[in-house]
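Here's data35.cif, which has mmCIF, N, CA and C atoms and all ligand atoms:
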```
data_input
loop_
_atom_site.group_PDB
_atom_site.id
_atom_site.type_symbol
_atom_site.label_atom_id
_atom_site.label_comp_id
_atom_site.auth_asym_id
_atom_site.auth_seq_id
_atom_site.Cartn_x
_atom_site.Cartn_y
_atom_site.Cartn_z
ATOM 1 N N MET A 90 29.431 168.669 111.609
ATOM 2 C CA MET A 90 29.453 167.213 111.378
ATOM 3 C C MET A 90 29.442 166.498 112.729
ATOM 4 N N ILE A 91 28.512 165.634 112.898
ATOM 5 C CA ILE A 91 28.378 164.937 114.175
ATOM 6 C C ILE A 91 28.685 163.452 113.985
ATOM 7 N N GLN A 92 29.592 162.974 114.807
ATOM 8 C CA GLN A 92 29.896 161.556 114.772
ATOM 9 C C GLN A 92 28.981 160.825 115.749
ATOM 10 N N SER A 93 28.330 159.838 115.248
ATOM 11 C CA SER A 93 27.367 159.131 116.093
ATOM 12 C C SER A 93 28.048 158.107 116.980
ATOM 13 N N LYS A 94 29.268 157.773 116.631
ATOM 14 C CA LYS A 94 29.944 156.718 117.375
ATOM 15 C C LYS A 94 31.226 157.268 117.990
ATOM 16 N N THR A 95 31.327 157.138 119.266
ATOM 17 C CA THR A 95 32.530 157.583 119.957
ATOM 18 C C THR A 95 33.469 156.404 120.137
ATOM 19 N N LYS A 96 34.703 156.656 119.794
ATOM 20 C CA LYS A 96 35.676 155.578 119.882
ATOM 21 C C LYS A 96 36.526 155.751 121.126
ATOM 22 N N TYR A 97 36.724 154.670 121.802
ATOM 23 C CA TYR A 97 37.585 154.701 122.979
ATOM 24 C C TYR A 97 38.792 153.820 122.755
ATOM 25 N N ILE A 98 39.898 154.295 123.253
ATOM 26 C CA ILE A 98 41.128 153.521 123.159
ATOM 27 C C ILE A 98 41.801 153.492 124.518
ATOM 28 N N ASN A 99 42.767 152.619 124.642
ATOM 29 C CA ASN A 99 43.547 152.581 125.864
ATOM 30 C C ASN A 99 44.896 153.227 125.629
ATOM 31 N N CYS A 100 45.277 154.062 126.552
ATOM 32 C CA CYS A 100 46.592 154.681 126.475
ATOM 33 C C CYS A 100 47.668 153.601 126.406
ATOM 34 N N PRO A 101 48.538 153.675 125.410
ATOM 35 C CA PRO A 101 49.587 152.660 125.257
ATOM 36 C C PRO A 101 50.540 152.612 126.438
ATOM 37 N N ASN A 102 50.600 153.680 127.174
ATOM 38 C CA ASN A 102 51.551 153.748 128.274
ATOM 39 C C ASN A 102 50.961 153.252 129.588
ATOM 40 N N CYS A 103 49.797 153.752 129.949
ATOM 41 C CA CYS A 103 49.236 153.425 131.260
ATOM 42 C C CYS A 103 47.896 152.709 131.189
ATOM 43 N N GLN A 104 47.449 152.455 129.981
ATOM 44 C CA GLN A 104 46.233 151.670 129.752
ATOM 45 C C GLN A 104 44.949 152.367 130.194
ATOM 46 N N THR A 105 45.035 153.630 130.485
ATOM 47 C CA THR A 105 43.830 154.367 130.819
ATOM 48 C C THR A 105 42.947 154.519 129.581
ATOM 49 N N GLN A 106 41.678 154.267 129.763
ATOM 50 C CA GLN A 106 40.779 154.397 128.633
ATOM 51 C C GLN A 106 40.465 155.866 128.371
ATOM 52 N N ILE A 107 40.637 156.256 127.145
ATOM 53 C CA ILE A 107 40.386 157.643 126.781
ATOM 54 C C ILE A 107 39.505 157.709 125.553
ATOM 55 N N GLU A 108 38.897 158.842 125.390
ATOM 56 C CA GLU A 108 38.066 159.044 124.218
ATOM 57 C C GLU A 108 38.928 159.508 123.052
ATOM 58 N N TRP A 109 38.752 158.857 121.942
ATOM 59 C CA TRP A 109 39.505 159.243 120.741
ATOM 60 C C TRP A 109 38.752 160.368 120.048
ATOM 61 N N SER A 110 39.254 161.554 120.226
ATOM 62 C CA SER A 110 38.574 162.691 119.608
ATOM 63 C C SER A 110 39.587 163.778 119.289
ATOM 64 N N ASP A 111 39.160 164.707 118.498
ATOM 65 C CA ASP A 111 40.041 165.811 118.151
ATOM 66 C C ASP A 111 40.395 166.652 119.365
ATOM 67 N N ALA A 112 39.556 166.542 120.390
ATOM 68 C CA ALA A 112 39.799 167.302 121.606
ATOM 69 C C ALA A 112 40.994 166.759 122.376
ATOM 70 N N ASN A 113 41.299 165.520 122.110
ATOM 71 C CA ASN A 113 42.432 164.918 122.795
ATOM 72 C C ASN A 113 43.689 165.096 121.954
ATOM 73 N N LYS A 114 44.458 166.058 122.317
ATOM 74 C CA LYS A 114 45.639 166.392 121.519
ATOM 75 C C LYS A 114 46.747 165.367 121.673
ATOM 76 N N HIS A 115 46.630 164.568 122.697
ATOM 77 C CA HIS A 115 47.723 163.657 123.010
ATOM 78 C C HIS A 115 47.439 162.222 122.587
ATOM 79 N N ARG A 116 46.327 162.021 121.911
ATOM 80 C CA ARG A 116 46.004 160.676 121.479
ATOM 81 C C ARG A 116 47.130 160.081 120.662
ATOM 82 N N PRO A 117 47.423 158.826 120.718
ATOM 83 C CA PRO A 117 46.632 157.826 121.440
ATOM 84 C C PRO A 117 46.919 157.756 122.943
ATOM 85 N N PHE A 118 47.581 158.750 123.458
ATOM 86 C CA PHE A 118 47.908 158.727 124.878
ATOM 87 C C PHE A 118 46.874 159.506 125.674
ATOM 88 N N CYS A 119 46.835 159.237 126.979
ATOM 89 C CA CYS A 119 45.824 159.880 127.811
ATOM 90 C C CYS A 119 46.237 161.294 128.163
ATOM 91 N N SER A 120 47.513 161.551 128.101
ATOM 92 C CA SER A 120 47.991 162.850 128.535
ATOM 93 C C SER A 120 49.336 163.154 127.888
ATOM 94 N N LYS A 121 49.733 164.387 128.017
ATOM 95 C CA LYS A 121 51.024 164.779 127.476
ATOM 96 C C LYS A 121 52.151 164.018 128.154
ATOM 97 N N ARG A 122 51.950 163.745 129.424
ATOM 98 C CA ARG A 122 52.976 163.038 130.176
ATOM 99 C C ARG A 122 53.244 161.654 129.579
ATOM 100 N N CYS A 123 52.176 160.928 129.324
ATOM 101 C CA CYS A 123 52.352 159.597 128.749
ATOM 102 C C CYS A 123 52.920 159.689 127.341
ATOM 103 N N GLN A 124 52.496 160.690 126.626
ATOM 104 C CA GLN A 124 53.009 160.874 125.272
ATOM 105 C C GLN A 124 54.515 161.098 125.294
ATOM 106 N N LEU A 125 54.954 161.920 126.210
ATOM 107 C CA LEU A 125 56.369 162.229 126.288
ATOM 108 C C LEU A 125 57.176 161.032 126.749
ATOM 109 N N ILE A 126 56.604 160.269 127.660
ATOM 110 C CA ILE A 126 57.297 159.075 128.143
ATOM 111 C C ILE A 126 57.522 158.100 127.004
ATOM 112 N N ASP A 127 56.445 157.846 126.260
ATOM 113 C CA ASP A 127 56.568 156.894 125.176
ATOM 114 C C ASP A 127 57.462 157.430 124.072
ATOM 115 N N PHE A 128 57.297 158.676 123.767
ATOM 116 C CA PHE A 128 58.101 159.301 122.726
ATOM 117 C C PHE A 128 59.572 159.258 123.100
ATOM 118 N N GLY A 129 59.853 159.508 124.372
ATOM 119 C CA GLY A 129 61.222 159.494 124.847
ATOM 120 C C GLY A 129 61.868 158.128 124.752
ATOM 121 N N GLU A 130 61.053 157.096 124.940
ATOM 122 C CA GLU A 130 61.601 155.745 124.889
ATOM 123 C C GLU A 130 62.122 155.391 123.520
ATOM 124 N N TRP A 131 61.307 155.630 122.519
ATOM 125 C CA TRP A 131 61.787 155.248 121.191
ATOM 126 C C TRP A 131 62.700 156.291 120.590
ATOM 127 N N ALA A 132 62.589 157.513 121.059
ATOM 128 C CA ALA A 132 63.448 158.570 120.530
ATOM 129 C C ALA A 132 64.906 158.348 120.906
ATOM 130 N N THR A 133 65.107 157.615 121.986
ATOM 131 C CA THR A 133 66.477 157.348 122.382
ATOM 132 C C THR A 133 67.130 156.327 121.464
ATOM 133 N N GLU A 134 66.303 155.600 120.747
ATOM 134 C CA GLU A 134 66.834 154.584 119.850
ATOM 135 C C GLU A 134 66.953 155.087 118.423
ATOM 136 N N LYS A 135 66.296 156.163 118.177
ATOM 137 C CA LYS A 135 66.338 156.733 116.832
ATOM 138 C C LYS A 135 66.782 158.181 116.941
ATOM 139 N N LYS A 136 66.944 158.762 115.805
ATOM 140 C CA LYS A 136 67.239 160.190 115.797
ATOM 141 C C LYS A 136 66.009 160.964 116.269
ATOM 142 N N SER A 137 66.255 162.005 116.965
ATOM 143 C CA SER A 137 65.150 162.831 117.412
ATOM 144 C C SER A 137 64.518 163.555 116.225
ATOM 145 N N ILE A 138 63.221 163.500 116.191
ATOM 146 C CA ILE A 138 62.508 164.253 115.180
ATOM 147 C C ILE A 138 62.231 165.637 115.737
ATOM 148 N N ALA A 139 62.548 166.613 114.990
ATOM 149 C CA ALA A 139 62.520 167.976 115.491
ATOM 150 C C ALA A 139 61.137 168.430 115.924
ATOM 151 N N GLY A 140 60.857 168.128 117.178
ATOM 152 C CA GLY A 140 59.644 168.640 117.799
ATOM 153 C C GLY A 140 58.348 168.302 117.094
ATOM 154 N N GLU A 141 58.293 167.142 116.499
ATOM 155 C CA GLU A 141 57.096 166.797 115.771
ATOM 156 C C GLU A 141 56.643 165.384 116.114
ATOM 157 N N PRO A 142 56.007 165.223 117.269
ATOM 158 C CA PRO A 142 55.551 163.897 117.692
ATOM 159 C C PRO A 142 54.300 163.467 116.959
ATOM 160 N N THR A 143 54.414 163.394 115.669
ATOM 161 C CA THR A 143 53.258 163.035 114.853
ATOM 162 C C THR A 143 53.285 161.551 114.546
ATOM 163 N N TYR A 144 52.142 160.943 114.763
ATOM 164 C CA TYR A 144 52.070 159.518 114.501
ATOM 165 C C TYR A 144 51.545 159.248 113.108
ATOM 166 N N THR A 145 52.270 158.430 112.410
ATOM 167 C CA THR A 145 51.781 157.980 111.124
ATOM 168 C C THR A 145 52.002 156.485 111.012
ATOM 169 N N ASP A 146 51.098 155.847 110.387
ATOM 170 C CA ASP A 146 51.276 154.426 110.138
ATOM 171 C C ASP A 146 52.037 154.191 108.836
ATOM 172 N N GLU A 147 52.130 155.239 108.084
ATOM 173 C CA GLU A 147 52.838 155.111 106.828
ATOM 174 C C GLU A 147 54.341 155.219 107.065
ATOM 175 N N ASP A 148 55.077 154.497 106.303
ATOM 176 C CA ASP A 148 56.517 154.578 106.408
ATOM 177 C C ASP A 148 57.021 155.612 105.417
ATOM 178 N N GLU A 149 57.504 156.693 105.941
ATOM 179 C CA GLU A 149 57.858 157.807 105.080
ATOM 180 C C GLU A 149 59.087 157.533 104.226
ATOM 181 N N ASN A 150 60.001 156.785 104.757
ATOM 182 C CA ASN A 150 61.271 156.598 104.082
ATOM 183 C C ASN A 150 61.346 155.294 103.293
ATOM 184 N N GLY A 151 60.318 154.517 103.379
ATOM 185 C CA GLY A 151 60.351 153.246 102.687
ATOM 186 C C GLY A 151 61.227 152.224 103.391
ATOM 187 N N GLU A 152 61.583 152.530 104.633
ATOM 188 C CA GLU A 152 62.395 151.591 105.388
ATOM 189 C C GLU A 152 61.508 150.796 106.328
ATOM 190 N N LEU A 153 61.837 149.565 106.483
ATOM 191 C CA LEU A 153 61.092 148.762 107.426
ATOM 192 C C LEU A 153 61.786 148.803 108.781
ATOM 193 N N LEU A 154 60.999 149.057 109.806
ATOM 194 C CA LEU A 154 61.549 149.044 111.152
ATOM 195 C C LEU A 154 61.425 147.646 111.713
ATOM 196 N N GLN A 155 62.550 147.086 112.011
ATOM 197 C CA GLN A 155 62.508 145.715 112.520
ATOM 198 C C GLN A 155 63.290 145.589 113.811
HETATM 199 ZN ZN ZN B 201 48.492 157.274 129.880
#
```
Rewrite the structure from the file as structure tokens, please.
Ligand SMILES: [Zn+2]
Amino acid sequence: MIQSKTKYINCPNCQTQIEWSDANKHRPFCSKRCQLIDFGEWATEKKSIAGEPTYTDEDENGELLQ
């Protein structure tokens, strides 16, 4: 399956433009370093999720984060 359109995003941490692809394991971040930095920031405010830095837009618990 070939995607004709390549999507680019900016790393939320350092704003580096990266290609959004399956090859980028750290998306939406440019690198593991940025991923860990961002993950660490919010993880300090919430309970640590056991080694699963998975991003979902869905709210799993039905709770609103405000
Ligand atoms: Zn970055």
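Counting from CA of Ile126 in chain A, the distance to CA of Ile98 in chain A is 17.8 Å.
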Item to check | Hits from the PyMOL selection byres (((not hetatm) and name CA) within 6 of (chain B and resi 201)), listed as a ChimeraX atom specification | outcome: /A:100,102-103,105,118-120,123
Since we have the selection now, will you write its residues out, keeping N, CA and C atoms, as a PDB file, keeping the file's coordinate frame?
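Dumped to part-v1.pdb:
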```pdb
ATOM      1  N   CYS A 100      45.277 154.062 126.552  1.00  0.00           N
ATOM      2  CA  CYS A 100      46.592 154.681 126.475  1.00  0.00           C
ATOM      3  C   CYS A 100      47.668 153.601 126.406  1.00  0.00           C
ATOM      4  N   ASN A 102      50.600 153.680 127.174  1.00  0.00           N
ATOM      5  CA  ASN A 102      51.551 153.748 128.274  1.00  0.00           C
ATOM      6  C   ASN A 102      50.961 153.252 129.588  1.00  0.00           C
ATOM      7  N   CYS A 103      49.797 153.752 129.949  1.00  0.00           N
ATOM      8  CA  CYS A 103      49.236 153.425 131.260  1.00  0.00           C
ATOM      9  C   CYS A 103      47.896 152.709 131.189  1.00  0.00           C
ATOM     10  N   THR A 105      45.035 153.630 130.485  1.00  0.00           N
ATOM     11  CA  THR A 105      43.830 154.367 130.819  1.00  0.00           C
ATOM     12  C   THR A 105      42.947 154.519 129.581  1.00  0.00           C
ATOM     13  N   PHE A 118      47.581 158.750 123.458  1.00  0.00           N
ATOM     14  CA  PHE A 118      47.908 158.727 124.878  1.00  0.00           C
ATOM     15  C   PHE A 118      46.874 159.506 125.674  1.00  0.00           C
ATOM     16  N   CYS A 119      46.835 159.237 126.979  1.00  0.00           N
ATOM     17  CA  CYS A 119      45.824 159.880 127.811  1.00  0.00           C
ATOM     18  C   CYS A 119      46.237 161.294 128.163  1.00  0.00           C
ATOM     19  N   SER A 120      47.513 161.551 128.101  1.00  0.00           N
ATOM     20  CA  SER A 120      47.991 162.850 128.535  1.00  0.00           C
ATOM     21  C   SER A 120      49.336 163.154 127.888  1.00  0.00           C
ATOM     22  N   CYS A 123      52.176 160.928 129.324  1.00  0.00           N
ATOM     23  CA  CYS A 123      52.352 159.597 128.749  1.00  0.00           C
ATOM     24  C   CYS A 123      52.920 159.689 127.341  1.00  0.00           C
TER      25      CYS A 123
END
```
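Put simply, the PyMOL selection byres (((chain A and resi 109 and name CA) around 9) and not hetatm and name CA) on this file hits Thr95, Lys96, Tyr97, Ile98, Ile107, Glu108, Ser110, Asp111, Ala112, Asn113, Arg116 and Pro117 of chain A.
The two atoms in question, CA of Pro101 in chain A and CA of Asp127 in chain A, are spaced 8.2 Å apart.
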Could you put an axis-aligned box around every listed atom of range 110-117 of chain A, padded by 4 Å on each side, and send me its centre and edge lengths in Å to one decimal, as AutoDock Vina command-line options?
```
--center_x 43.1 --center_y 162.5 --center_z 120.6 --size_x 17.1 --size_y 17.5 --size_z 12.9
```
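Counting from atom C of Lys94 in chain A, the distance to atom N of Phe128 in chain A is 26.7 Å.
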